[in-house]
>>> print(open('query.txt').read())   # compact mmCIF, C-alpha atoms and all ligand atoms
# COMPACT_ATOMS: atom_id res chain seq x y z
CA MET A 1 -13.05 -2.23 -19.94
CA GLU A 2 -16.24 -0.34 -20.70
CA THR A 3 -18.04 1.40 -17.84
CA PRO A 4 -21.84 1.30 -17.73
CA ALA A 5 -23.73 4.48 -18.66
CA VAL A 6 -24.75 6.33 -15.51
CA ALA A 7 -28.29 5.97 -14.21
CA PHE A 8 -29.87 5.44 -10.81
CA GLY A 9 -32.80 3.11 -10.03
CA GLU A 10 -33.52 -0.18 -11.82
CA THR A 11 -32.16 0.99 -15.17
CA GLY A 12 -28.80 1.81 -13.59
CA ARG A 13 -28.70 -1.50 -11.75
CA GLN A 14 -29.42 -3.46 -14.92
CA ARG A 15 -26.69 -1.68 -16.85
CA ALA A 16 -24.24 -2.36 -14.02
CA ARG A 17 -25.25 -6.02 -13.95
CA ALA A 18 -24.75 -6.31 -17.70
CA ALA A 19 -21.23 -4.85 -17.33
CA ASP A 20 -20.48 -7.40 -14.59
CA GLU A 21 -21.58 -10.21 -16.92
CA ARG A 22 -18.97 -9.08 -19.45
CA ASP A 23 -16.23 -8.86 -16.78
CA PRO A 24 -13.53 -11.52 -17.34
CA LEU A 25 -12.45 -11.24 -13.68
CA ALA A 26 -15.95 -11.70 -12.23
CA GLU A 27 -15.36 -15.33 -11.17
CA PHE A 28 -12.54 -14.38 -8.79
CA ALA A 29 -15.08 -13.08 -6.27
CA ASN A 30 -16.09 -16.71 -5.60
CA ARG A 31 -12.68 -17.37 -4.05
CA PHE A 32 -13.32 -14.79 -1.29
CA ASP A 33 -15.51 -14.49 1.77
CA VAL A 34 -16.74 -10.96 1.18
CA PRO A 35 -18.85 -9.40 3.91
CA GLY A 36 -21.63 -7.32 2.30
CA THR A 37 -20.80 -4.74 -0.35
CA TYR A 38 -17.17 -4.50 0.61
CA MET A 39 -15.46 -1.22 -0.31
CA ASP A 40 -12.78 -1.26 2.37
CA GLY A 41 -10.22 -3.55 0.77
CA ASN A 42 -7.73 -0.66 0.79
CA SER A 43 -7.81 -0.97 4.58
CA LEU A 44 -8.12 -4.74 5.00
CA GLY A 45 -8.68 -7.13 2.11
CA PRO A 46 -11.00 -10.11 2.72
CA LEU A 47 -10.11 -13.77 3.25
CA SER A 48 -9.67 -16.03 0.22
CA ALA A 49 -9.82 -19.82 0.08
CA ASP A 50 -6.29 -19.65 -1.31
CA ALA A 51 -5.00 -17.85 1.79
CA VAL A 52 -6.70 -20.41 4.04
CA ALA A 53 -5.10 -23.27 2.09
CA ALA A 54 -1.65 -21.69 2.39
CA VAL A 55 -2.00 -21.30 6.17
CA GLU A 56 -3.30 -24.86 6.56
CA HIS A 57 -0.34 -26.11 4.55
CA VAL A 58 2.12 -24.45 6.94
CA LEU A 59 0.18 -25.70 9.98
CA ASP A 60 0.33 -29.26 8.62
CA GLU A 61 4.06 -28.97 8.01
CA TRP A 62 4.65 -27.52 11.47
CA ARG A 63 2.81 -30.56 12.91
CA ASP A 64 4.74 -33.01 10.71
CA TYR A 65 8.21 -31.52 10.71
CA ALA A 66 8.53 -29.29 13.80
CA VAL A 67 12.05 -27.85 13.71
CA GLU A 68 12.98 -29.78 10.57
CA GLY A 69 10.53 -27.53 8.71
CA TRP A 70 13.21 -24.86 8.44
CA THR A 71 14.92 -27.07 5.89
CA ASP A 72 12.47 -29.82 4.91
CA ALA A 73 9.17 -27.99 4.50
CA ASP A 74 8.10 -27.27 0.95
CA PRO A 75 8.78 -24.41 0.51
CA ASP A 76 11.44 -24.39 3.23
CA TRP A 77 10.99 -21.81 5.97
CA PHE A 78 14.60 -20.68 6.08
CA HIS A 79 14.22 -18.78 2.80
CA TYR A 80 10.50 -18.01 3.22
CA GLY A 81 10.90 -14.21 3.15
CA GLU A 82 13.19 -14.27 0.12
CA ARG A 83 11.00 -16.73 -1.75
CA LEU A 84 7.86 -14.65 -1.20
CA GLY A 85 9.87 -11.61 -2.24
CA GLY A 86 10.64 -13.37 -5.51
CA ARG A 87 6.94 -14.06 -6.05
CA LEU A 88 6.12 -10.39 -5.40
CA ALA A 89 8.81 -9.04 -7.71
CA PRO A 90 6.65 -8.96 -10.87
CA LEU A 91 3.98 -6.92 -9.07
CA VAL A 92 6.42 -4.13 -8.26
CA GLY A 93 8.64 -4.42 -11.35
CA ALA A 94 11.67 -5.73 -9.50
CA ARG A 95 14.26 -8.43 -9.98
CA GLU A 96 13.62 -11.32 -7.60
CA PRO A 97 16.53 -10.66 -5.19
CA GLU A 98 15.44 -7.02 -4.87
CA VAL A 99 12.33 -7.88 -2.83
CA ALA A 100 11.95 -9.39 0.65
CA VAL A 101 8.97 -10.05 2.88
CA CYS A 102 9.60 -9.05 6.48
CA GLY A 103 8.57 -6.84 9.37
CA SER A 104 5.87 -4.20 9.12
CA THR A 105 5.66 -1.24 6.78
CA THR A 106 6.66 1.06 9.61
CA ALA A 107 9.61 -1.06 10.76
CA ASN A 108 10.79 -1.19 7.16
CA VAL A 109 10.54 2.62 6.89
CA HIS A 110 12.80 2.80 9.95
CA THR A 111 15.47 0.54 8.57
CA LEU A 112 15.45 1.78 4.96
CA VAL A 113 15.24 5.50 5.67
CA GLY A 114 17.89 5.10 8.39
CA THR A 115 20.14 3.13 6.03
CA PHE A 116 19.89 5.53 3.10
CA TYR A 117 20.16 8.63 5.27
CA ASP A 118 23.41 7.30 6.67
CA ALA A 119 24.59 6.34 3.19
CA ALA A 120 23.91 9.90 1.99
CA ASN A 121 26.01 11.22 4.87
CA GLY A 122 29.25 9.33 4.71
CA GLY A 123 27.95 6.18 6.41
CA ASN A 124 26.72 7.77 9.64
CA ALA A 125 24.51 10.87 9.62
CA ALA A 126 25.15 11.36 13.36
CA HIS A 127 28.74 12.34 12.56
CA ALA A 128 28.09 14.32 9.36
CA ASP A 129 28.95 18.05 9.33
CA ASP A 130 25.82 19.24 7.64
CA PRO A 131 23.29 16.47 6.95
CA GLY A 132 20.51 17.25 4.48
CA VAL A 133 16.77 16.74 4.84
CA VAL A 134 14.31 13.94 4.21
CA LEU A 135 11.56 15.28 1.96
CA VAL A 136 8.01 14.08 2.63
CA ASN A 137 4.58 15.64 2.17
CA GLU A 138 1.82 17.06 4.30
CA LEU A 139 -0.76 14.44 3.26
CA ASP A 140 1.32 11.38 4.09
CA PHE A 141 0.02 8.56 6.26
CA PRO A 142 1.33 9.65 9.68
CA THR A 143 3.38 6.57 10.50
CA ASP A 144 5.87 7.56 7.77
CA HIS A 145 6.57 10.87 9.51
CA TYR A 146 6.73 9.26 12.95
CA ALA A 147 9.35 6.78 11.74
CA VAL A 148 11.47 9.31 9.83
CA ARG A 149 11.41 11.71 12.77
CA ALA A 150 12.49 8.93 15.12
CA GLN A 151 15.39 8.02 12.80
CA LEU A 152 16.50 11.65 12.75
CA ARG A 153 16.28 11.91 16.54
CA ALA A 154 18.28 8.68 16.89
CA ARG A 155 21.11 10.48 15.03
CA GLY A 156 21.00 13.43 17.41
CA LEU A 157 19.22 15.64 14.84
CA ASP A 158 16.21 17.89 15.34
CA PRO A 159 13.39 16.53 13.13
CA ASP A 160 12.00 20.04 12.74
CA ASP A 161 15.22 20.97 10.92
CA HIS A 162 15.74 17.77 8.96
CA LEU A 163 12.26 16.72 7.90
CA ALA A 164 11.06 18.93 5.05
CA VAL A 165 7.38 18.78 4.21
CA VAL A 166 5.86 19.65 0.82
CA GLU A 167 2.55 21.34 1.51
CA SER A 168 -0.70 20.73 -0.31
CA ARG A 169 -2.45 23.63 -2.01
CA ASP A 170 -5.94 22.13 -1.77
CA GLY A 171 -5.79 19.66 1.12
CA ARG A 172 -6.26 16.80 -1.36
CA THR A 173 -3.24 16.55 -3.61
CA ILE A 174 0.43 17.50 -3.96
CA GLU A 175 1.67 19.38 -7.02
CA GLN A 176 4.76 17.97 -8.70
CA SER A 177 6.08 21.51 -9.26
CA ASP A 178 6.04 22.03 -5.47
CA ILE A 179 8.09 18.85 -5.02
CA GLU A 180 10.59 20.07 -7.60
CA ARG A 181 10.84 23.47 -5.91
CA ALA A 182 11.58 21.80 -2.56
CA LEU A 183 14.32 19.76 -4.22
CA GLN A 184 15.79 22.92 -5.76
CA GLU A 185 15.68 24.99 -2.59
CA GLN A 186 16.87 22.46 -0.02
CA ASP A 187 19.64 19.96 0.37
CA VAL A 188 17.52 16.82 0.11
CA ASP A 189 19.14 13.49 0.99
CA ILE A 190 16.04 11.34 0.52
CA LEU A 191 12.77 12.00 -1.24
CA PHE A 192 10.36 9.67 0.57
CA PHE A 193 6.90 9.69 -0.94
CA PRO A 194 3.84 7.47 -1.16
CA SER A 195 2.79 5.99 -4.49
CA VAL A 196 -0.84 6.83 -3.68
CA LEU A 197 -2.10 9.27 -1.05
CA TYR A 198 -4.16 7.38 1.51
CA ARG A 199 -7.00 9.90 1.58
CA SER A 200 -7.49 11.39 -1.89
CA GLY A 201 -6.03 8.47 -3.83
CA GLN A 202 -3.67 10.70 -5.85
CA LEU A 203 -1.23 8.46 -7.74
CA PHE A 204 2.26 9.89 -8.20
CA ASP A 205 4.46 9.21 -11.20
CA ILE A 206 7.17 7.22 -9.46
CA ALA A 207 9.52 7.21 -12.46
CA GLU A 208 9.33 11.00 -12.76
CA LEU A 209 9.82 11.56 -9.03
CA ALA A 210 12.75 9.15 -8.89
CA ALA A 211 14.41 10.88 -11.85
CA LEU A 212 13.80 14.26 -10.24
CA ALA A 213 15.23 13.14 -6.89
CA HIS A 214 18.33 11.76 -8.60
CA GLU A 215 18.77 14.97 -10.61
CA TYR A 216 19.10 16.82 -7.30
CA GLY A 217 21.38 14.22 -5.76
CA ALA A 218 18.78 12.62 -3.49
CA TYR A 219 17.81 8.99 -3.02
CA ALA A 220 14.23 8.09 -4.01
CA GLY A 221 12.17 5.92 -1.64
CA PHE A 222 8.46 5.11 -1.78
CA ASP A 223 5.65 3.77 0.41
CA LEU A 224 3.50 1.63 -1.89
CA ALA A 225 0.91 0.63 0.73
CA HIS A 226 -1.99 1.94 -1.35
CA SER A 227 -0.90 0.68 -4.74
CA VAL A 228 0.72 -2.72 -4.45
CA GLY A 229 -1.63 -5.33 -5.90
CA VAL A 230 -3.82 -2.83 -7.73
CA VAL A 231 -1.39 -0.61 -9.69
CA PRO A 232 1.55 -2.13 -11.60
CA HIS A 233 5.00 -0.74 -10.82
CA ASP A 234 8.42 -0.72 -12.43
CA LEU A 235 10.66 0.01 -9.46
CA HIS A 236 13.82 -1.43 -10.97
CA GLY A 237 13.34 0.26 -14.32
CA ALA A 238 12.55 3.59 -12.66
CA GLY A 239 15.78 3.37 -10.67
CA VAL A 240 13.95 3.63 -7.34
CA ASP A 241 16.43 3.17 -4.50
CA PHE A 242 14.08 1.58 -1.96
CA ALA A 243 10.41 0.98 -1.25
CA VAL A 244 8.16 -0.42 1.47
CA TRP A 245 4.57 -1.65 1.51
CA CYS A 246 2.03 -3.78 3.34
CA HIS A 247 0.12 -6.86 2.21
CA TYR A 248 -3.12 -6.51 4.13
CA LYS A 249 -4.80 -4.16 1.67
CA TYR A 250 -5.11 -5.10 -2.03
CA LEU A 251 -2.95 -8.20 -1.52
CA ASN A 252 -5.51 -9.69 0.90
CA ALA A 253 -2.89 -11.37 3.09
CA GLY A 254 -4.69 -10.74 6.37
CA PRO A 255 -4.72 -8.36 9.32
CA GLY A 256 -1.21 -7.21 10.16
CA ALA A 257 0.28 -9.47 7.46
CA VAL A 258 4.05 -9.39 7.18
CA ALA A 259 5.18 -6.48 4.99
CA GLY A 260 7.38 -6.13 1.91
CA LEU A 261 10.36 -4.08 0.85
CA PHE A 262 12.47 -3.35 -2.22
CA CYS A 263 16.13 -2.42 -2.41
CA HIS A 264 17.63 -1.70 -5.83
CA GLU A 265 20.38 -4.18 -6.66
CA GLU A 266 22.92 -1.38 -7.07
CA HIS A 267 22.74 -0.97 -3.26
CA PHE A 268 23.21 -4.63 -2.37
CA GLY A 269 25.80 -4.95 0.37
CA ILE A 270 24.83 -1.67 2.07
CA GLN A 271 24.80 -1.89 5.90
CA PRO A 272 21.20 -1.96 7.18
CA ALA A 273 20.46 0.57 9.93
CA LEU A 274 18.64 -2.11 11.91
CA ALA A 275 20.66 -5.28 11.52
CA GLY A 276 19.67 -8.71 12.75
CA TRP A 277 20.70 -12.30 12.21
CA TRP A 278 17.92 -13.02 9.71
CA GLY A 279 19.45 -10.45 7.35
CA HIS A 280 22.84 -12.14 7.49
CA GLU A 281 24.27 -13.79 4.39
CA LYS A 282 22.35 -17.06 4.36
CA GLU A 283 25.27 -19.35 3.49
CA THR A 284 27.13 -18.45 6.69
CA GLN A 285 24.25 -17.44 9.02
CA PHE A 286 24.62 -20.56 11.14
CA GLU A 287 28.34 -20.13 11.59
CA MET A 288 27.14 -17.73 14.30
CA ARG A 289 29.89 -15.16 13.85
CA GLN A 290 29.68 -12.07 16.03
CA THR A 291 30.14 -9.76 13.05
CA PHE A 292 27.32 -9.09 10.61
CA THR A 293 27.70 -9.78 6.89
CA PRO A 294 24.56 -8.52 5.14
CA ALA A 295 22.97 -10.81 2.58
CA ALA A 296 23.72 -9.58 -0.94
CA ASN A 297 20.05 -9.00 -1.67
CA ALA A 298 16.97 -7.31 -0.18
CA GLY A 299 16.85 -10.06 2.46
CA ALA A 300 19.60 -8.11 4.28
CA PHE A 301 16.86 -5.85 5.70
CA GLN A 302 15.18 -8.68 7.58
CA ILE A 303 15.81 -8.35 11.29
CA GLY A 304 14.58 -11.39 13.22
CA THR A 305 13.22 -14.82 12.30
CA VAL A 306 10.66 -14.77 9.49
CA PRO A 307 7.17 -15.20 11.02
CA VAL A 308 6.16 -18.05 8.75
CA LEU A 309 2.55 -18.33 9.93
CA ALA A 310 1.95 -14.62 9.53
CA ALA A 311 3.51 -14.69 6.06
CA ALA A 312 1.73 -17.83 4.82
CA PRO A 313 -1.56 -16.19 3.73
CA LEU A 314 0.43 -14.03 1.34
CA ASP A 315 1.56 -17.15 -0.52
CA GLY A 316 -2.06 -18.09 -1.24
CA ALA A 317 -3.09 -14.50 -1.88
CA LEU A 318 -0.35 -14.19 -4.52
CA ASP A 319 -1.75 -17.21 -6.39
CA VAL A 320 -4.99 -15.26 -6.87
CA ILE A 321 -3.30 -12.01 -7.91
CA HIS A 322 -0.97 -13.69 -10.38
CA GLU A 323 -3.80 -15.70 -11.88
CA ALA A 324 -5.84 -12.55 -12.45
CA GLY A 325 -2.82 -10.56 -13.68
CA ILE A 326 -1.87 -7.13 -12.42
CA ALA A 327 -2.54 -5.43 -15.78
CA SER A 328 -6.11 -6.76 -15.89
CA LEU A 329 -6.62 -5.84 -12.24
CA ARG A 330 -5.50 -2.27 -12.90
CA GLU A 331 -7.78 -2.04 -15.91
CA LYS A 332 -10.83 -3.20 -13.97
CA SER A 333 -9.96 -1.10 -10.93
CA ALA A 334 -9.73 2.03 -13.11
CA ALA A 335 -13.08 1.23 -14.75
CA LEU A 336 -14.82 0.72 -11.38
CA ALA A 337 -13.36 3.96 -10.02
CA GLU A 338 -14.32 5.83 -13.19
CA TYR A 339 -17.89 4.58 -12.87
CA LEU A 340 -18.01 5.64 -9.22
CA VAL A 341 -16.74 9.12 -10.06
CA ALA A 342 -19.40 9.46 -12.78
CA LEU A 343 -22.13 8.39 -10.34
CA VAL A 344 -20.93 10.76 -7.59
CA ASP A 345 -21.01 13.57 -10.14
CA GLU A 346 -24.74 12.92 -10.46
CA LEU A 347 -25.37 13.08 -6.70
CA PRO A 348 -26.63 16.29 -5.02
CA ASP A 349 -24.13 19.16 -4.74
CA ALA A 350 -23.39 18.29 -1.11
CA PHE A 351 -21.16 15.52 -2.52
CA ALA A 352 -17.82 16.12 -4.23
CA VAL A 353 -15.15 13.89 -5.72
CA GLY A 354 -11.98 14.50 -3.71
CA SER A 355 -9.75 12.35 -5.93
CA PRO A 356 -7.93 13.35 -9.11
CA ARG A 357 -10.20 13.19 -12.16
CA ASP A 358 -7.53 11.81 -14.47
CA PRO A 359 -7.63 7.99 -14.08
CA ALA A 360 -3.87 7.89 -14.71
CA ARG A 361 -3.37 10.05 -11.60
CA ARG A 362 -5.65 7.97 -9.35
CA GLY A 363 -4.96 4.76 -7.42
CA GLY A 364 -7.60 2.18 -6.54
CA HIS A 365 -9.92 4.19 -4.33
CA VAL A 366 -12.08 7.27 -4.57
CA ALA A 367 -12.57 9.96 -1.92
CA VAL A 368 -16.22 10.98 -1.73
CA GLU A 369 -16.44 14.23 0.19
CA HIS A 370 -19.45 15.37 2.25
CA ASP A 371 -19.71 17.54 5.36
CA GLU A 372 -21.37 14.62 7.17
CA ALA A 373 -18.90 12.02 5.89
CA ALA A 374 -18.39 10.47 9.33
CA ARG A 375 -22.11 9.82 9.87
CA LEU A 376 -22.60 8.72 6.28
CA ALA A 377 -19.81 6.16 6.65
CA ALA A 378 -21.44 4.78 9.79
CA ALA A 379 -24.87 4.64 8.11
CA LEU A 380 -23.45 2.93 5.02
CA THR A 381 -21.67 0.32 7.12
CA ASP A 382 -24.92 -0.33 9.00
CA ARG A 383 -26.49 -1.10 5.62
CA ASP A 384 -23.73 -3.58 4.78
CA VAL A 385 -21.96 -1.16 2.47
CA ILE A 386 -18.56 -1.30 4.11
CA VAL A 387 -16.52 1.88 3.62
CA ASP A 388 -14.36 3.95 5.91
CA TYR A 389 -14.19 7.53 7.02
CA ARG A 390 -11.08 9.67 6.93
CA PRO A 391 -11.19 13.07 8.63
CA PRO A 392 -12.27 15.67 8.02
CA ASN A 393 -14.84 14.95 5.30
CA VAL A 394 -13.98 11.84 3.28
CA VAL A 395 -15.89 8.61 2.76
CA ARG A 396 -13.23 6.36 1.23
CA VAL A 397 -14.60 3.92 -1.31
CA ALA A 398 -12.30 1.23 -2.67
CA PRO A 399 -13.87 -1.00 -5.34
CA ALA A 400 -11.15 -3.64 -5.29
CA PRO A 401 -11.16 -5.45 -8.65
CA LEU A 402 -10.82 -9.04 -7.41
CA TYR A 403 -14.17 -9.21 -5.66
CA THR A 404 -16.29 -6.15 -6.44
CA GLY A 405 -18.32 -5.34 -9.52
CA PHE A 406 -20.21 -2.47 -11.11
CA VAL A 407 -23.40 -3.48 -9.28
CA ASP A 408 -21.58 -2.98 -5.97
CA VAL A 409 -20.38 0.46 -7.03
CA HIS A 410 -23.91 1.33 -8.10
CA ARG A 411 -25.18 0.26 -4.69
CA VAL A 412 -22.72 2.54 -2.90
CA ALA A 413 -23.81 5.59 -4.90
CA ALA A 414 -27.52 4.76 -4.63
CA THR A 415 -27.21 4.29 -0.85
CA LEU A 416 -25.32 7.58 -0.50
CA ARG A 417 -28.06 9.30 -2.43
CA SER A 418 -30.90 7.86 -0.38
CA LEU A 419 -29.10 8.53 2.92
CA HIS A 420 -28.57 12.14 1.89
CA GLU A 421 -32.15 12.66 0.74
CA SER A 422 -33.73 10.98 3.77
CA ARG A 423 -31.15 12.48 6.17
CA ALA A 424 -31.15 9.03 7.79
CA TYR A 425 -27.42 9.49 8.51
CA GLU A 426 -28.37 11.96 11.28
CA ALA A 427 -29.26 9.01 13.51
CA TYR A 428 -25.61 7.87 13.55
CA GLU A 429 -22.70 8.86 15.72
CA PRO A 430 -19.42 9.32 13.87
CA PRO A 431 -17.38 6.13 14.14
CA SER A 432 -14.55 6.11 16.64
CA GLY A 433 -11.41 4.07 16.94
CA VAL A 434 -10.22 1.74 14.21
CA THR A 435 -12.22 1.92 10.98
C1 LIG A 501 0.70 4.69 3.32
C2 LIG A 501 0.68 3.81 4.54
N1 LIG A 501 1.84 3.49 5.15
C3 LIG A 501 1.87 2.72 6.26
C4 LIG A 501 0.69 2.22 6.80
C5 LIG A 501 0.68 1.39 8.04
O1 LIG A 501 1.89 0.89 8.40
P1 LIG A 501 1.99 -0.53 9.16
O2 LIG A 501 1.69 -1.57 8.11
O3 LIG A 501 3.35 -0.58 9.69
O4 LIG A 501 0.95 -0.55 10.21
C6 LIG A 501 -0.54 2.51 6.18
C7 LIG A 501 -1.78 1.99 6.75
O5 LIG A 501 -2.86 2.10 6.24
C8 LIG A 501 -0.53 3.34 5.04
O6 LIG A 501 -1.68 3.67 4.46
>>> encode(input="query.txt", output="structure tokens", more="lines below")
Ligand SMILES: Cc1ncc(COP(=O)(O)O)c(C=O)c1O
Amino acid sequence: METPAVAFGETGRQRARAADERDPLAEFANRFDVPGTYMDGNSLGPLSADAVAAVEHVLDEWRDYAVEGWTDADPDWFHYGERLGGRLAPLVGAREPEVAVCGSTTANVHTLVGTFYDAANGGNAAHADDPGVVLVNELDFPTDHYAVRAQLRARGLDPDDHLAVVESRDGRTIEQSDIERALQEQDVDILFFPSVLYRSGQLFDIAELAALAHEYGAYAGFDLAHSVGVVPHDLHGAGVDFAVWCHYKYLNAGPGAVAGLFCHEEHFGIQPALAGWWGHEKETQFEMRQTFTPAANAGAFQIGTVPVLAAAPLDGALDVIHEAGIASLREKSAALAEYLVALVDELPDAFAVGSPRDPARRGGHVAVEHDEAARLAAALTDRDVIVDYRPPNVVRVAPAPLYTGFVDVHRVAATLRSLHESRAYEAYEPPSGVT
């Protein structure tokens, strides 16, 4: 997809509008309720008519069937998490049984890291002579570290000794050579990395990292929160051992939507660290045995009853994504981000692009750096340009391809420029709390 030539003012706007007219995905925006110029879909995607319809369908069936809905609803609720997993599989490059929809990203980090850490240590890391480390990085979203540390503590281990952290050289990105050195120098049991860094948007090469981890005898696990729905994946082909992600960002499945996970089929039958009856082999689940037989698929990592209402919007949201096609979405997303980077390059020197320049190394969002990023983010939001701020100096801008266009990207850059020149951002307090 061609990006418009960079210009500010009316000329720039017209070029952006012309590019939007050529955009084959432009019509998808009509399916969403998008508040203002919405550049925060990597935090919370907006509501689509499709998601509403999917929720209404489940509400109707709840009214009509009550408890019979577990078997008689269409689709039945008993297999709801597995069925949605099957629908997600093409987005992450998995076989259908390798994906399940359950829990939250963080809960799924707990169970999968715990499971694979035990597997790397003879089935129970608490009783291993010399357990290795879990390798993460300094720029991770914090919940990943909280969960891994808690899993280590639960096995009587000191997280300071068993969580190894690859440091960043520039505060923005992680060098692959530093990851490789950590794997060489330490006894790594699990490499647990994000697909895309939440602040700078750096996109890792999952296939390369998985191969590297395996070369050093480690499992490879990934947090795909910032890439699922906007970057295609090939988890099965890359031999990834496990992955987790959320659906409230580019999947647009709603605030706190039920999360997703992947377990490579070669690990089917492994004992989940956090077992529960919903992960039991489905055929015998209602025989109510007191011993746990894990389902022979990713559904084994479910813990309790699938929250059907909280999962329903994902069903509708997936209709939209599949209709658009993940390859086309990635292409448009890369073009929008490329255009944004080119515009930011033309802004005063107080602005910098904090994301990788190579589109192949960048996810769906762009980090725009400025010393007054917090106030700028508040001023933008007040002007209906919805972005978020990430400390210490990043305005995160996510032009999500389903409902934003080049004109929207142009508006973000033009508003940044005018706020900087007028210093109007000085009137704003930095945002606090959830952004
Ligand atoms: C990389 C990453 N992991 C996890 C989370 C959040 O986890 P949860 O969905 O459990 O709240 C986020 C939230 O933005 C994230 O960016």
>>> residues_around(input="query.txt", residues="Pro255 (chain A)", least_positions_apart="3", cutoff="9 Å", atoms="all atoms listed in the file", output="list of chain:residue names")
A:Leu44, A:Gly45, A:His247, A:Tyr248, A:Lys249, A:Asn252
>>> atom_distance(input="query.txt", atom1="CA of Thr11 (chain A)", atom2="CA of Val34 (chain A)")
25.5 Å
>>> residues_around(input="query.txt", residues="region 112-126 of chain A", least_positions_apart="4", cutoff="9 Å", atoms="all atoms listed in the file", output="ChimeraX atom specification")
/A:107-108,130-134,147-148,151-152,154-157,189-190,192,218-219,221,241-244,261,263,270-274,301
>>> closest_residue(input="query.txt", among="A:Thr37, A:Ser48, A:Ser418, A:Ser355", to="Asp319 (chain A)", atoms="all atoms listed in the file")
A:Ser48
>>> residues_near_ligand(input="query.txt", ligand="ligand LIG 501 (chain A)", cutoff="9 Å", atoms="only C-alpha atoms and all ligand atoms", output="PyMOL selection string")
chain A and resi 42-44+103-109+140-144+194-199+223-226+244-249+256-259
>>> write_last_selection(input="query.txt", atoms="C-alpha atoms", output="PDB file, in the frame of the given file")
ATOM      1  CA  ASN A  42      -7.730  -0.660   0.790  1.00  0.00           C
ATOM      2  CA  SER A  43      -7.810  -0.970   4.580  1.00  0.00           C
ATOM      3  CA  LEU A  44      -8.120  -4.740   5.000  1.00  0.00           C
ATOM      4  CA  GLY A 103       8.570  -6.840   9.370  1.00  0.00           C
ATOM      5  CA  SER A 104       5.870  -4.200   9.120  1.00  0.00           C
ATOM      6  CA  THR A 105       5.660  -1.240   6.780  1.00  0.00           C
ATOM      7  CA  THR A 106       6.660   1.060   9.610  1.00  0.00           C
ATOM      8  CA  ALA A 107       9.610  -1.060  10.760  1.00  0.00           C
ATOM      9  CA  ASN A 108      10.790  -1.190   7.160  1.00  0.00           C
ATOM     10  CA  VAL A 109      10.540   2.620   6.890  1.00  0.00           C
ATOM     11  CA  ASP A 140       1.320  11.380   4.090  1.00  0.00           C
ATOM     12  CA  PHE A 141       0.020   8.560   6.260  1.00  0.00           C
ATOM     13  CA  PRO A 142       1.330   9.650   9.680  1.00  0.00           C
ATOM     14  CA  THR A 143       3.380   6.570  10.500  1.00  0.00           C
ATOM     15  CA  ASP A 144       5.870   7.560   7.770  1.00  0.00           C
ATOM     16  CA  PRO A 194       3.840   7.470  -1.160  1.00  0.00           C
ATOM     17  CA  SER A 195       2.790   5.990  -4.490  1.00  0.00           C
ATOM     18  CA  VAL A 196      -0.840   6.830  -3.680  1.00  0.00           C
ATOM     19  CA  LEU A 197      -2.100   9.270  -1.050  1.00  0.00           C
ATOM     20  CA  TYR A 198      -4.160   7.380   1.510  1.00  0.00           C
ATOM     21  CA  ARG A 199      -7.000   9.900   1.580  1.00  0.00           C
ATOM     22  CA  ASP A 223       5.650   3.770   0.410  1.00  0.00           C
ATOM     23  CA  LEU A 224       3.500   1.630  -1.890  1.00  0.00           C
ATOM     24  CA  ALA A 225       0.910   0.630   0.730  1.00  0.00           C
ATOM     25  CA  HIS A 226      -1.990   1.940  -1.350  1.00  0.00           C
ATOM     26  CA  VAL A 244       8.160  -0.420   1.470  1.00  0.00           C
ATOM     27  CA  TRP A 245       4.570  -1.650   1.510  1.00  0.00           C
ATOM     28  CA  CYS A 246       2.030  -3.780   3.340  1.00  0.00           C
ATOM     29  CA  HIS A 247       0.120  -6.860   2.210  1.00  0.00           C
ATOM     30  CA  TYR A 248      -3.120  -6.510   4.130  1.00  0.00           C
ATOM     31  CA  LYS A 249      -4.800  -4.160   1.670  1.00  0.00           C
ATOM     32  CA  GLY A 256      -1.210  -7.210  10.160  1.00  0.00           C
ATOM     33  CA  ALA A 257       0.280  -9.470   7.460  1.00  0.00           C
ATOM     34  CA  VAL A 258       4.050  -9.390   7.180  1.00  0.00           C
ATOM     35  CA  ALA A 259       5.180  -6.480   4.990  1.00  0.00           C
TER      36      ALA A 259
END
>>> atom_distance(input="query.txt", atom1="CA of Val407 (chain A)", atom2="CA of Ile386 (chain A)")
14.4 Å
>>> closest_residue(input="query.txt", among="A:Asn297, A:Thr415, A:Gln290, A:Thr284", to="Glu266 (chain A)", atoms="all atoms listed in the file")
A:Asn297
>>> closest_residue(input="query.txt", among="A:Val409, A:Ala300, A:Leu402, A:Leu59", to="Tyr339 (chain A)", atoms="only C-alpha atoms")
A:Val409
